[in-house]
$ cat target.cif   # mmCIF, C-alpha atoms and all ligand atoms
data_data
#
loop_
_atom_site.label_atom_id
_atom_site.label_comp_id
_atom_site.auth_asym_id
_atom_site.auth_seq_id
_atom_site.Cartn_x
_atom_site.Cartn_y
_atom_site.Cartn_z
CA MET A 210 130.65 61.08 73.28
CA ASN A 211 130.00 63.08 76.44
CA ALA A 212 127.35 65.74 76.79
CA VAL A 213 128.76 69.03 75.56
CA LEU A 214 127.01 72.34 76.15
CA PRO A 215 125.95 74.04 74.00
CA PRO A 216 125.17 71.26 71.50
CA THR A 217 126.91 71.31 68.15
CA LEU A 218 124.71 72.20 65.22
CA ILE A 219 125.75 69.89 62.39
CA ASP A 220 125.83 72.19 59.38
CA GLY A 221 124.81 70.10 56.36
CA LYS A 222 125.13 73.01 53.95
CA ALA A 223 128.77 73.61 54.89
CA ALA A 224 129.53 69.87 54.83
CA ALA A 225 127.87 69.54 51.41
CA ALA A 226 129.89 72.48 50.10
CA ARG A 227 133.08 70.67 51.19
CA VAL A 228 131.96 67.43 49.46
CA LEU A 229 131.07 69.33 46.27
CA ALA A 230 134.46 71.07 46.31
CA GLU A 231 136.17 67.64 46.63
CA VAL A 232 134.08 66.36 43.72
CA GLY A 233 134.85 69.44 41.62
CA SER A 234 138.58 69.02 42.00
CA GLU A 235 138.43 65.24 41.36
CA VAL A 236 136.35 65.88 38.23
CA LEU A 237 139.22 68.04 36.97
CA THR A 238 141.65 65.17 37.59
CA LEU A 239 139.40 62.75 35.68
CA LYS A 240 138.98 65.21 32.82
CA ALA A 241 142.77 65.53 32.65
CA SER A 242 142.89 61.80 31.98
CA GLY A 243 140.34 62.18 29.18
CA ILE A 244 137.15 61.17 31.05
CA ALA A 245 134.31 63.71 31.29
CA PRO A 246 131.87 62.43 33.96
CA ALA A 247 128.24 62.60 32.84
CA LEU A 248 124.95 62.05 34.66
CA ALA A 249 121.66 61.23 32.93
CA VAL A 250 118.55 62.20 34.91
CA VAL A 251 115.26 60.68 33.82
CA LEU A 252 111.97 62.25 34.89
CA VAL A 253 108.62 60.71 33.98
CA GLY A 254 105.61 62.98 34.40
CA GLN A 255 105.18 66.47 35.86
CA ASP A 256 105.20 65.94 39.62
CA PRO A 257 106.13 69.45 40.89
CA ALA A 258 108.37 68.22 43.73
CA SER A 259 110.21 65.83 41.37
CA GLN A 260 110.71 68.66 38.87
CA VAL A 261 112.37 70.77 41.58
CA TYR A 262 114.59 67.84 42.69
CA VAL A 263 115.68 67.16 39.10
CA ARG A 264 116.41 70.86 38.44
CA ASN A 265 118.56 71.03 41.60
CA LYS A 266 120.46 67.86 40.66
CA VAL A 267 121.20 69.18 37.18
CA LEU A 268 122.35 72.56 38.55
CA ARG A 269 124.59 70.95 41.17
CA ALA A 270 126.12 68.65 38.54
CA GLU A 271 126.97 71.61 36.33
CA GLU A 272 128.56 73.43 39.28
CA CYS A 273 130.89 70.43 39.81
CA GLY A 274 131.83 70.21 36.14
CA ILE A 275 129.73 67.06 35.63
CA ARG A 276 127.87 67.00 32.32
CA SER A 277 124.14 66.43 32.83
CA LEU A 278 121.59 65.08 30.39
CA GLU A 279 117.91 65.54 31.19
CA HIS A 280 115.36 63.11 29.79
CA LYS A 281 111.84 64.40 30.46
CA LEU A 282 109.16 61.93 29.46
CA PRO A 283 105.37 62.38 29.55
CA ALA A 284 103.39 60.81 32.42
CA GLU A 285 101.75 58.35 30.00
CA THR A 286 105.12 56.89 28.88
CA GLN A 287 104.92 53.10 28.63
CA GLU A 288 107.24 50.98 30.78
CA ALA A 289 108.74 49.38 27.65
CA ASP A 290 109.73 52.82 26.31
CA LEU A 291 111.33 53.81 29.63
CA LEU A 292 113.23 50.49 29.70
CA ALA A 293 114.39 51.11 26.12
CA LEU A 294 115.77 54.51 27.16
CA ILE A 295 117.59 52.94 30.11
CA HIS A 296 119.11 50.25 27.88
CA SER A 297 120.36 52.91 25.48
CA LEU A 298 121.88 54.92 28.37
CA ASN A 299 123.48 51.70 29.69
CA ALA A 300 125.09 51.17 26.28
CA ASP A 301 126.28 54.78 25.94
CA ASP A 302 129.93 54.95 27.04
CA SER A 303 129.75 58.73 27.45
CA VAL A 304 127.11 58.37 30.22
CA HIS A 305 128.50 57.32 33.61
CA GLY A 306 125.53 57.73 35.96
CA ILE A 307 121.81 57.08 35.47
CA LEU A 308 119.21 58.38 37.89
CA VAL A 309 115.49 57.71 37.48
CA GLN A 310 113.58 60.19 39.62
CA LEU A 311 111.08 58.46 41.91
CA PRO A 312 108.18 58.08 42.30
CA LEU A 313 107.27 56.74 38.88
CA PRO A 314 103.66 56.79 37.60
CA ALA A 315 101.60 53.91 39.02
CA HIS A 316 101.44 51.97 35.73
CA ILE A 317 105.25 51.51 35.71
CA ASP A 318 106.94 48.80 37.80
CA GLU A 319 109.56 50.70 39.81
CA THR A 320 111.58 47.61 40.72
CA ARG A 321 111.80 46.44 37.11
CA VAL A 322 113.02 49.88 36.05
CA LEU A 323 115.64 50.17 38.82
CA GLN A 324 116.88 46.65 38.07
CA ALA A 325 117.33 47.58 34.41
CA ILE A 326 120.00 50.18 35.26
CA ASP A 327 123.58 48.93 34.85
CA PRO A 328 124.80 48.49 38.47
CA LEU A 329 128.00 50.36 37.54
CA LYS A 330 125.88 53.38 36.51
CA ASP A 331 123.38 53.07 39.38
CA VAL A 332 124.19 56.35 41.16
CA ASP A 333 121.19 55.97 43.51
CA GLY A 334 122.56 52.61 44.73
CA PHE A 335 119.13 50.95 44.52
CA HIS A 336 120.01 48.02 42.19
CA ALA A 337 119.94 44.65 43.98
CA GLU A 338 123.60 44.07 43.01
CA ASN A 339 124.60 47.24 44.89
CA VAL A 340 122.22 46.59 47.79
CA GLY A 341 123.73 43.12 48.18
CA GLY A 342 127.25 44.47 47.81
CA LEU A 343 126.67 47.02 50.55
CA SER A 344 125.37 44.38 52.91
CA GLN A 345 128.48 42.29 52.16
CA GLY A 346 130.62 45.33 53.01
CA ARG A 347 131.93 45.67 49.43
CA GLU A 348 132.83 49.01 47.79
CA VAL A 349 129.73 49.67 45.70
CA LEU A 350 127.57 52.62 44.70
CA THR A 351 125.67 53.41 47.90
CA PRO A 352 122.36 55.29 48.43
CA CYS A 353 123.08 59.01 48.68
CA THR A 354 121.10 60.00 51.79
CA PRO A 355 122.59 57.41 54.17
CA ALA A 356 126.06 57.95 52.67
CA GLY A 357 125.65 61.67 53.41
CA CYS A 358 124.49 60.91 56.97
CA LEU A 359 127.55 58.71 57.56
CA ARG A 360 129.85 61.50 56.40
CA LEU A 361 128.13 63.97 58.76
CA LEU A 362 128.62 61.51 61.62
CA GLN A 363 132.27 60.87 60.77
CA ASP A 364 132.95 64.60 60.44
CA THR A 365 131.29 65.21 63.82
CA CYS A 366 132.44 62.19 65.86
CA GLY A 367 135.51 60.86 64.05
CA ASP A 368 135.87 57.10 64.45
CA LEU A 369 132.45 55.51 65.06
CA SER A 370 133.81 52.12 66.21
CA GLY A 371 131.92 50.64 69.13
CA GLN A 372 129.20 53.33 69.18
CA HIS A 373 125.64 52.11 69.63
CA ALA A 374 123.54 53.50 66.77
CA VAL A 375 119.75 53.30 66.66
CA VAL A 376 118.21 53.78 63.21
CA ILE A 377 114.50 54.61 63.27
CA GLY A 378 112.98 53.41 59.99
CA ARG A 379 113.73 50.43 57.76
CA SER A 380 113.04 51.71 54.24
CA ASN A 381 115.16 50.47 51.34
CA ILE A 382 116.14 54.07 50.55
CA VAL A 383 117.29 55.23 53.98
CA GLY A 384 116.88 52.97 57.02
CA LYS A 385 118.32 49.67 55.74
CA PRO A 386 121.36 51.11 53.89
CA MET A 387 122.00 53.42 56.86
CA ALA A 388 122.14 50.40 59.16
CA ALA A 389 124.50 48.60 56.74
CA LEU A 390 126.82 51.62 56.56
CA LEU A 391 126.93 52.03 60.33
CA LEU A 392 127.69 48.34 60.71
CA LYS A 393 130.47 48.71 58.15
CA ALA A 394 131.80 51.62 60.24
CA HIS A 395 131.95 49.20 63.23
CA CYS A 396 128.93 50.49 65.19
CA SER A 397 126.57 48.24 67.10
CA VAL A 398 123.32 48.84 65.24
CA THR A 399 119.68 48.56 66.29
CA VAL A 400 116.96 49.17 63.70
CA VAL A 401 113.49 50.08 64.95
CA HIS A 402 110.28 50.59 62.98
CA SER A 403 106.51 50.93 63.28
CA ARG A 404 106.11 47.47 64.87
CA SER A 405 108.86 47.96 67.49
CA THR A 406 107.35 47.86 70.97
CA ASN A 407 109.91 49.72 73.04
CA LEU A 408 111.11 52.42 70.69
CA ARG A 409 111.79 55.09 73.26
CA GLU A 410 113.73 52.81 75.59
CA LEU A 411 115.88 51.49 72.72
CA CYS A 412 116.58 55.03 71.52
CA ARG A 413 117.57 56.12 75.01
CA GLN A 414 120.43 53.60 74.87
CA ALA A 415 121.88 55.09 71.71
CA ASP A 416 125.08 57.09 71.26
CA ILE A 417 123.85 57.88 67.74
CA VAL A 418 120.22 58.26 66.66
CA VAL A 419 119.31 58.42 62.96
CA ALA A 420 115.62 59.25 62.49
CA ALA A 421 114.20 58.37 59.05
CA VAL A 422 110.52 57.97 59.79
CA GLY A 423 108.41 60.65 58.10
CA ARG A 424 106.58 61.55 61.33
CA PRO A 425 106.90 65.22 62.34
CA ARG A 426 108.81 65.71 65.63
CA LEU A 427 108.36 62.09 66.77
CA VAL A 428 111.64 62.05 68.70
CA ASP A 429 112.00 64.46 71.61
CA ALA A 430 114.47 64.86 74.49
CA ASP A 431 112.79 62.04 76.36
CA TRP A 432 114.02 59.58 73.66
CA LEU A 433 117.64 60.65 73.96
CA LYS A 434 120.43 59.84 76.33
CA PRO A 435 122.44 62.91 77.35
CA GLY A 436 125.22 63.47 74.83
CA ALA A 437 123.61 61.56 71.96
CA VAL A 438 124.41 62.61 68.39
CA VAL A 439 121.22 63.02 66.36
CA ILE A 440 120.83 62.86 62.58
CA ASP A 441 117.37 63.90 61.44
CA VAL A 442 116.59 62.64 57.94
CA GLY A 443 112.88 63.48 58.06
CA ILE A 444 111.37 66.14 55.85
CA ASN A 445 107.76 66.82 56.82
CA ARG A 446 105.64 69.75 55.71
CA ILE A 447 103.25 70.92 58.42
CA GLU A 448 100.89 73.84 58.99
CA GLU A 449 101.74 75.74 62.16
CA ASP A 450 101.00 79.24 63.42
CA GLY A 451 99.07 79.88 60.23
CA ARG A 452 101.96 79.03 57.90
CA SER A 453 103.45 76.06 56.14
CA LYS A 454 106.89 74.91 57.32
CA LEU A 455 109.34 72.03 57.03
CA VAL A 456 110.17 70.06 60.16
CA GLY A 457 112.11 66.88 60.79
CA ASP A 458 111.30 63.65 62.59
CA VAL A 459 113.01 65.11 65.66
CA ASP A 460 111.60 67.84 67.88
CA PHE A 461 114.63 70.05 67.39
CA ASP A 462 114.15 72.48 70.31
CA SER A 463 113.45 69.67 72.75
CA ALA A 464 116.33 67.48 71.49
CA LEU A 465 118.75 70.42 71.85
CA THR A 466 118.42 70.09 75.62
CA ARG A 467 119.95 66.56 75.56
CA ALA A 468 121.92 66.06 72.35
CA ALA A 469 125.65 66.70 72.00
CA ALA A 470 125.16 67.37 68.29
CA ILE A 471 122.17 67.52 65.96
CA THR A 472 121.28 68.25 62.32
CA PRO A 473 118.69 70.96 61.65
CA VAL A 474 115.81 70.59 59.17
CA PRO A 475 116.20 72.13 56.68
CA GLY A 476 119.96 72.54 56.22
CA GLY A 477 121.11 69.21 57.64
CA VAL A 478 120.87 65.95 55.72
CA GLY A 479 119.10 67.40 52.64
CA PRO A 480 122.11 69.17 51.08
CA MET A 481 124.28 66.08 51.69
CA THR A 482 121.98 63.86 49.64
CA ILE A 483 122.57 65.82 46.47
CA ALA A 484 126.29 66.24 47.19
CA PHE A 485 126.62 62.45 47.47
CA LEU A 486 124.79 62.03 44.18
CA MET A 487 127.66 63.97 42.62
CA LYS A 488 130.20 61.88 44.52
CA ASN A 489 128.49 58.74 43.26
CA THR A 490 128.56 60.00 39.66
CA LEU A 491 132.29 60.52 39.99
CA ALA A 492 132.67 57.07 41.54
CA ALA A 493 130.62 55.55 38.71
CA ALA A 494 132.91 57.17 36.14
CA ARG A 495 135.92 55.65 37.90
CA LEU A 496 134.26 52.24 38.12
CA GLN A 497 133.79 52.30 34.36
CA HIS A 498 137.40 53.37 33.80
CA PRO A 499 139.37 51.26 36.28
CA ALA A 500 142.56 51.96 34.31
CA THR A 501 142.70 55.46 35.86
CA GLY A 502 143.78 53.72 39.07
CA LEU A 503 141.83 56.30 41.08
CA PRO A 504 140.08 54.96 44.21
CA LEU A 505 136.30 54.54 44.33
CA SER A 506 135.92 56.44 47.62
CA THR A 507 132.12 56.96 47.57
CA VAL A 508 132.06 56.48 51.30
CA GLU A 509 135.00 56.87 53.58
CA ASN A 510 135.44 53.70 55.55
CA PRO A 511 137.70 53.09 58.47
CA ALA A 512 139.95 50.07 57.91
P1 LIG A 601 109.33 55.38 54.40
O1 LIG A 601 107.91 55.83 54.59
O2 LIG A 601 109.68 54.56 53.23
O3 LIG A 601 109.80 54.59 55.71
C1 LIG A 601 109.50 55.07 56.98
C2 LIG A 601 109.97 54.09 58.01
O4 LIG A 601 109.61 54.60 59.30
C3 LIG A 601 109.35 52.71 57.87
O5 LIG A 601 110.33 51.72 58.08
C4 LIG A 601 108.29 52.69 58.98
O6 LIG A 601 108.12 51.41 59.57
C5 LIG A 601 108.90 53.59 60.01
N1 LIG A 601 107.87 54.23 60.84
C6 LIG A 601 106.76 54.85 60.46
N2 LIG A 601 106.07 55.32 61.52
C7 LIG A 601 106.78 54.96 62.61
C8 LIG A 601 106.60 55.14 63.99
N3 LIG A 601 105.55 55.80 64.49
N4 LIG A 601 107.52 54.64 64.82
C9 LIG A 601 108.61 53.97 64.34
N5 LIG A 601 108.83 53.78 63.04
C10 LIG A 601 107.93 54.26 62.18
O7 LIG A 601 110.20 56.74 54.43
P2 LIG A 601 111.69 57.02 53.92
O8 LIG A 601 112.66 56.15 54.60
O9 LIG A 601 111.71 57.10 52.45
O10 LIG A 601 111.86 58.53 54.45
C11 LIG A 601 111.81 58.81 55.83
C12 LIG A 601 111.82 60.31 56.00
O11 LIG A 601 113.04 60.83 55.45
C13 LIG A 601 110.72 61.06 55.27
O12 LIG A 601 110.36 62.19 56.03
C14 LIG A 601 111.37 61.51 53.98
O13 LIG A 601 110.77 62.67 53.45
C15 LIG A 601 112.77 61.81 54.47
N6 LIG A 601 113.80 61.71 53.44
C16 LIG A 601 114.70 62.72 53.40
C17 LIG A 601 115.72 62.68 52.50
C18 LIG A 601 116.72 63.79 52.52
O14 LIG A 601 117.44 63.97 51.55
N7 LIG A 601 116.84 64.52 53.61
C19 LIG A 601 115.85 61.60 51.51
C20 LIG A 601 114.89 60.52 51.71
C21 LIG A 601 113.89 60.59 52.63
P3 LIG A 601 107.51 50.14 58.78
O15 LIG A 601 108.62 49.65 57.90
O16 LIG A 601 107.15 49.20 59.86
O17 LIG A 601 106.34 50.67 57.99
#

$ encode --input "target.cif" --output "structure tokens" --more "lines below"
Ligand code: NDP
Amino acid sequence: MNAVLPPTLIDGKAAAARVLAEVGSEVLTLKASGIAPALAVVLVGQDPASQVYVRNKVLRAEECGIRSLEHKLPAETQEADLLALIHSLNADDSVHGILVQLPLPAHIDETRVLQAIDPLKDVDGFHAENVGGLSQGREVLTPCTPAGCLRLLQDTCGDLSGQHAVVIGRSNIVGKPMAALLLKAHCSVTVVHSRSTNLRELCRQADIVVAAVGRPRLVDADWLKPGAVVIDVGINRIEEDGRSKLVGDVDFDSALTRAAAITPVPGGVGPMTIAFLMKNTLAAARLQHPATGLPLSTVENPA
């Protein structure tokens, strides 16, 4: 990856539209074999941001021809009642994917709830069975945001073999699965986090930088080697020039002076997350109906 001027803007909206079109046509194929993919979305409480996320997921599912079932529960729902709902969705053969919108109210044990979801229906890829499978390099349901980031990288760079990737952040939702996916795609991977001592120097060695930190504009040109490809996962709301705006973990204008390619915020990783939720729902339907003979293909992997 050599420095190219001007840098490529990695268009997540266009990439997501392509993924959703793929899903839409594969849903038709599945329906032709008698399987109607269905996604159950469970929301506990009235968190405004979660309500927007759930609405968008349901809308996107409908656009792809995936049936969606919304389960809206009051904030005071007891853990046992939520677990009972999950068990009934696990047992329902007409439901292929189950997503529990996070965060859950504080009185509910998030891990216990996520572990209750059938791993074959775990479209978020957070169940320990799927986490372990990913780290073993098996074909399993994989967290949507890192899967979307990998697709953006593969669309932009082609084969990633031998590239040095630095992932900033080690969360279970983004950083760790991102590192596992990059390793699976034959990158050399360095993961850095809040206790890393030489963050900037490590980043400057990277061909690929994935920033998943939650710190507005942490990464600027000084952190990048010329020609680096930058994926900015961060979504941070800040007040600037008297108005509220969304910015990433990367200082976009500064990074543009060094990067060969970069995702904007918004319009980069965000749309891919939801598109990969749809791809995972389709994959879950196939996993539950292996007789269709259709491939899992949640994440494209080089041999
Ligand atoms: P977490 O808060 O769970 O993890 C943040 C990670 O960044 C941690 O590993 C933390 O290190 C590390 N970190 C924090 N501060 C620093 C620092 N100064 N230097 C180096 N590392 C640091 O966040 P998530 O992974 O859930 O999300 C990260 C960002 O991505 C957020 O902005 C979030 O909103 C966004 N996001 C966007 C999505 C999308 O669809 N576009 C989806 C999911 C998240 P340590 O482990 O040591 O604490």

$ atom_distance --input "target.cif" --atom1 "CA of Gly436 in chain A" --atom2 "CA of Gly357 in chain A"
21.5 Å

$ closest_residue --input "target.cif" --among "A:Leu362, A:Ala464, A:Val253, A:Leu278" --to "His316 in chain A" --atoms "only C-alpha atoms"
A:Val253

$ closest_residue --input "target.cif" --among "A:Glu319, A:Asp331, A:Glu348, A:Glu410" --to "His305 in chain A" --atoms "all atoms listed in the file"
A:Asp331

$ closest_residue --input "target.cif" --among "A:Val232, A:Leu455, A:Cys396, A:Ala226" --to "Cys273 in chain A" --atoms "only C-alpha atoms"
A:Val232

$ residues_around --input "target.cif" --residues "Asp460 in chain A" --least-positions-apart "2" --cutoff "12 Å" --atoms "all atoms listed in the file" --output "ChimeraX atom specification"
/A:420,424-433,439-441,443,445,455-458,462-468,471-474

$ write_last_selection --input "target.cif" --atoms "C-alpha atoms" --output "short mmCIF file (atom, residue, chain, number, x, y, z; two decimals), in the frame of the given file"
data_model
loop_
_atom_site.label_atom_id
_atom_site.label_comp_id
_atom_site.auth_asym_id
_atom_site.auth_seq_id
_atom_site.Cartn_x
_atom_site.Cartn_y
_atom_site.Cartn_z
CA ALA A 420 115.62 59.25 62.49
CA ARG A 424 106.58 61.55 61.33
CA PRO A 425 106.90 65.22 62.34
CA ARG A 426 108.81 65.71 65.63
CA LEU A 427 108.36 62.09 66.77
CA VAL A 428 111.64 62.05 68.70
CA ASP A 429 112.00 64.46 71.61
CA ALA A 430 114.47 64.86 74.49
CA ASP A 431 112.79 62.04 76.36
CA TRP A 432 114.02 59.58 73.66
CA LEU A 433 117.64 60.65 73.96
CA VAL A 439 121.22 63.02 66.36
CA ILE A 440 120.83 62.86 62.58
CA ASP A 441 117.37 63.90 61.44
CA GLY A 443 112.88 63.48 58.06
CA ASN A 445 107.76 66.82 56.82
CA LEU A 455 109.34 72.03 57.03
CA VAL A 456 110.17 70.06 60.16
CA GLY A 457 112.11 66.88 60.79
CA ASP A 458 111.30 63.65 62.59
CA ASP A 462 114.15 72.48 70.31
CA SER A 463 113.45 69.67 72.75
CA ALA A 464 116.33 67.48 71.49
CA LEU A 465 118.75 70.42 71.85
CA THR A 466 118.42 70.09 75.62
CA ARG A 467 119.95 66.56 75.56
CA ALA A 468 121.92 66.06 72.35
CA ILE A 471 122.17 67.52 65.96
CA THR A 472 121.28 68.25 62.32
CA PRO A 473 118.69 70.96 61.65
CA VAL A 474 115.81 70.59 59.17
#

$ residues_near_ligand --input "target.cif" --ligand "ligand LIG 601 (chain A)" --cutoff "6 Å" --atoms "all atoms listed in the file" --output "list in words"
Thr354, Ile377, Gly378, Arg379, Ser380, Ile382, Val383, Gly384, His402, Ser403, Arg404, Ala421, Val422, Gly423, Val442, Gly443, Ile444, Asn445, Val478, Gly479 and Thr482 of chain A

$ closest_residue --input "target.cif" --among "A:Leu313, A:Ser242, A:Leu343, A:Val401" --to "Thr286 in chain A" --atoms "only C-alpha atoms"
A:Leu313

$ atom_distance --input "target.cif" --atom1 "CA of Arg269 in chain A" --atom2 "CA of Leu486 in chain A"
9.4 Å

$ atom_distance --input "target.cif" --atom1 "CA of Asp301 in chain A" --atom2 "CA of Asp333 in chain A"
18.3 Å

$ closest_residue --input "target.cif" --among "A:Lys488, A:His373, A:Lys330, A:Lys240" --to "Val309 in chain A" --atoms "all atoms listed in the file"
A:Lys330

$ residues_around --input "target.cif" --residues "Gln372 in chain A" --least-positions-apart "2" --cutoff "6 Å" --atoms "all atoms listed in the file" --output "CSV table (one decimal) with C-alpha atoms, in the frame of the given file"
chain,number,residue,atom,x,y,z
A,369,LEU,CA,132.4,55.5,65.1
A,370,SER,CA,133.8,52.1,66.2
A,396,CYS,CA,128.9,50.5,65.2
A,416,ASP,CA,125.1,57.1,71.3

$ closest_residue --input "target.cif" --among "A:Thr320, A:Ala492, A:Asn265, A:Phe485" --to "Leu359 in chain A" --atoms "all atoms listed in the file"
A:Phe485

$ residues_near_point --input "target.cif" --point "(127.6, 53.6, 63.3)" --cutoff "10 Å" --atoms "all atoms listed in the file" --output "PyMOL selection string"
chain A and resi 359+362-363+368-376+387-399+416-419

$ write_last_selection --input "target.cif" --atoms "C-alpha atoms" --output "PDB file, in the coordinates of the input"
ATOM      1  CA  LEU A 359     127.550  58.710  57.560  1.00  0.00           C
ATOM      2  CA  LEU A 362     128.620  61.510  61.620  1.00  0.00           C
ATOM      3  CA  GLN A 363     132.270  60.870  60.770  1.00  0.00           C
ATOM      4  CA  ASP A 368     135.870  57.100  64.450  1.00  0.00           C
ATOM      5  CA  LEU A 369     132.450  55.510  65.060  1.00  0.00           C
ATOM      6  CA  SER A 370     133.810  52.120  66.210  1.00  0.00           C
ATOM      7  CA  GLY A 371     131.920  50.640  69.130  1.00  0.00           C
ATOM      8  CA  GLN A 372     129.200  53.330  69.180  1.00  0.00           C
ATOM      9  CA  HIS A 373     125.640  52.110  69.630  1.00  0.00           C
ATOM     10  CA  ALA A 374     123.540  53.500  66.770  1.00  0.00           C
ATOM     11  CA  VAL A 375     119.750  53.300  66.660  1.00  0.00           C
ATOM     12  CA  VAL A 376     118.210  53.780  63.210  1.00  0.00           C
ATOM     13  CA  MET A 387     122.000  53.420  56.860  1.00  0.00           C
ATOM     14  CA  ALA A 388     122.140  50.400  59.160  1.00  0.00           C
ATOM     15  CA  ALA A 389     124.500  48.600  56.740  1.00  0.00           C
ATOM     16  CA  LEU A 390     126.820  51.620  56.560  1.00  0.00           C
ATOM     17  CA  LEU A 391     126.930  52.030  60.330  1.00  0.00           C
ATOM     18  CA  LEU A 392     127.690  48.340  60.710  1.00  0.00           C
ATOM     19  CA  LYS A 393     130.470  48.710  58.150  1.00  0.00           C
ATOM     20  CA  ALA A 394     131.800  51.620  60.240  1.00  0.00           C
ATOM     21  CA  HIS A 395     131.950  49.200  63.230  1.00  0.00           C
ATOM     22  CA  CYS A 396     128.930  50.490  65.190  1.00  0.00           C
ATOM     23  CA  SER A 397     126.570  48.240  67.100  1.00  0.00           C
ATOM     24  CA  VAL A 398     123.320  48.840  65.240  1.00  0.00           C
ATOM     25  CA  THR A 399     119.680  48.560  66.290  1.00  0.00           C
ATOM     26  CA  ASP A 416     125.080  57.090  71.260  1.00  0.00           C
ATOM     27  CA  ILE A 417     123.850  57.880  67.740  1.00  0.00           C
ATOM     28  CA  VAL A 418     120.220  58.260  66.660  1.00  0.00           C
ATOM     29  CA  VAL A 419     119.310  58.420  62.960  1.00  0.00           C
TER      30      VAL A 419
END

$ residues_around --input "target.cif" --residues "Leu291 in chain A" --least-positions-apart "5" --cutoff "10 Å" --atoms "only C-alpha atoms" --output "VMD selection string"
chain A and resid 251 to 253 282 286 296 to 297 309 317 322 325

$ residues_near_point --input "target.cif" --point "(123.7, 67.3, 49.0)" --cutoff "12 Å" --atoms "only C-alpha atoms" --output "PyMOL selection string"
chain A and resi 220-230+232+262+265-266+268-270+353-358+360-361+475-489

$ residues_around --input "target.cif" --residues "Leu298 in chain A" --least-positions-apart "4" --cutoff "8 Å" --atoms "only C-alpha atoms" --output "list in words"
Ala249, Leu294, Val304 and Ile307 of chain A

$ build_atoms --input "target.cif" --residues "range 222-226 of chain A" --atoms "all heavy atoms" --output "PDB file, keeping the file's coordinate frame"
ATOM      1  N   LYS A 222     124.817  72.187  55.131  1.00  0.00           N
ATOM      2  CA  LYS A 222     125.130  73.010  53.950  1.00  0.00           C
ATOM      3  C   LYS A 222     126.639  73.162  53.811  1.00  0.00           C
ATOM      4  O   LYS A 222     127.184  73.026  52.713  1.00  0.00           O
ATOM      5  CB  LYS A 222     124.506  74.401  54.104  1.00  0.00           C
ATOM      6  CG  LYS A 222     123.051  74.459  53.760  1.00  0.00           C
ATOM      7  CD  LYS A 222     122.622  75.923  53.701  1.00  0.00           C
ATOM      8  CE  LYS A 222     121.118  76.024  53.821  1.00  0.00           C
ATOM      9  NZ  LYS A 222     120.653  77.333  54.211  1.00  0.00           N
ATOM     10  N   ALA A 223     127.309  73.434  54.944  1.00  0.00           N
ATOM     11  CA  ALA A 223     128.770  73.610  54.890  1.00  0.00           C
ATOM     12  C   ALA A 223     129.439  72.279  54.533  1.00  0.00           C
ATOM     13  O   ALA A 223     130.375  72.240  53.726  1.00  0.00           O
ATOM     14  CB  ALA A 223     129.273  74.123  56.237  1.00  0.00           C
ATOM     15  N   ALA A 224     128.938  71.182  55.116  1.00  0.00           N
ATOM     16  CA  ALA A 224     129.530  69.870  54.830  1.00  0.00           C
ATOM     17  C   ALA A 224     129.335  69.521  53.352  1.00  0.00           C
ATOM     18  O   ALA A 224     130.242  68.992  52.694  1.00  0.00           O
ATOM     19  CB  ALA A 224     128.889  68.802  55.711  1.00  0.00           C
ATOM     20  N   ALA A 225     128.145  69.831  52.826  1.00  0.00           N
ATOM     21  CA  ALA A 225     127.870  69.540  51.410  1.00  0.00           C
ATOM     22  C   ALA A 225     128.773  70.373  50.516  1.00  0.00           C
ATOM     23  O   ALA A 225     129.269  69.877  49.495  1.00  0.00           O
ATOM     24  CB  ALA A 225     126.403  69.807  51.096  1.00  0.00           C
ATOM     25  N   ALA A 226     129.010  71.623  50.906  1.00  0.00           N
ATOM     26  CA  ALA A 226     129.890  72.480  50.100  1.00  0.00           C
ATOM     27  C   ALA A 226     131.295  71.876  50.059  1.00  0.00           C
ATOM     28  O   ALA A 226     131.953  71.893  49.007  1.00  0.00           O
ATOM     29  CB  ALA A 226     129.926  73.896  50.672  1.00  0.00           C
TER      30      ALA A 226
END
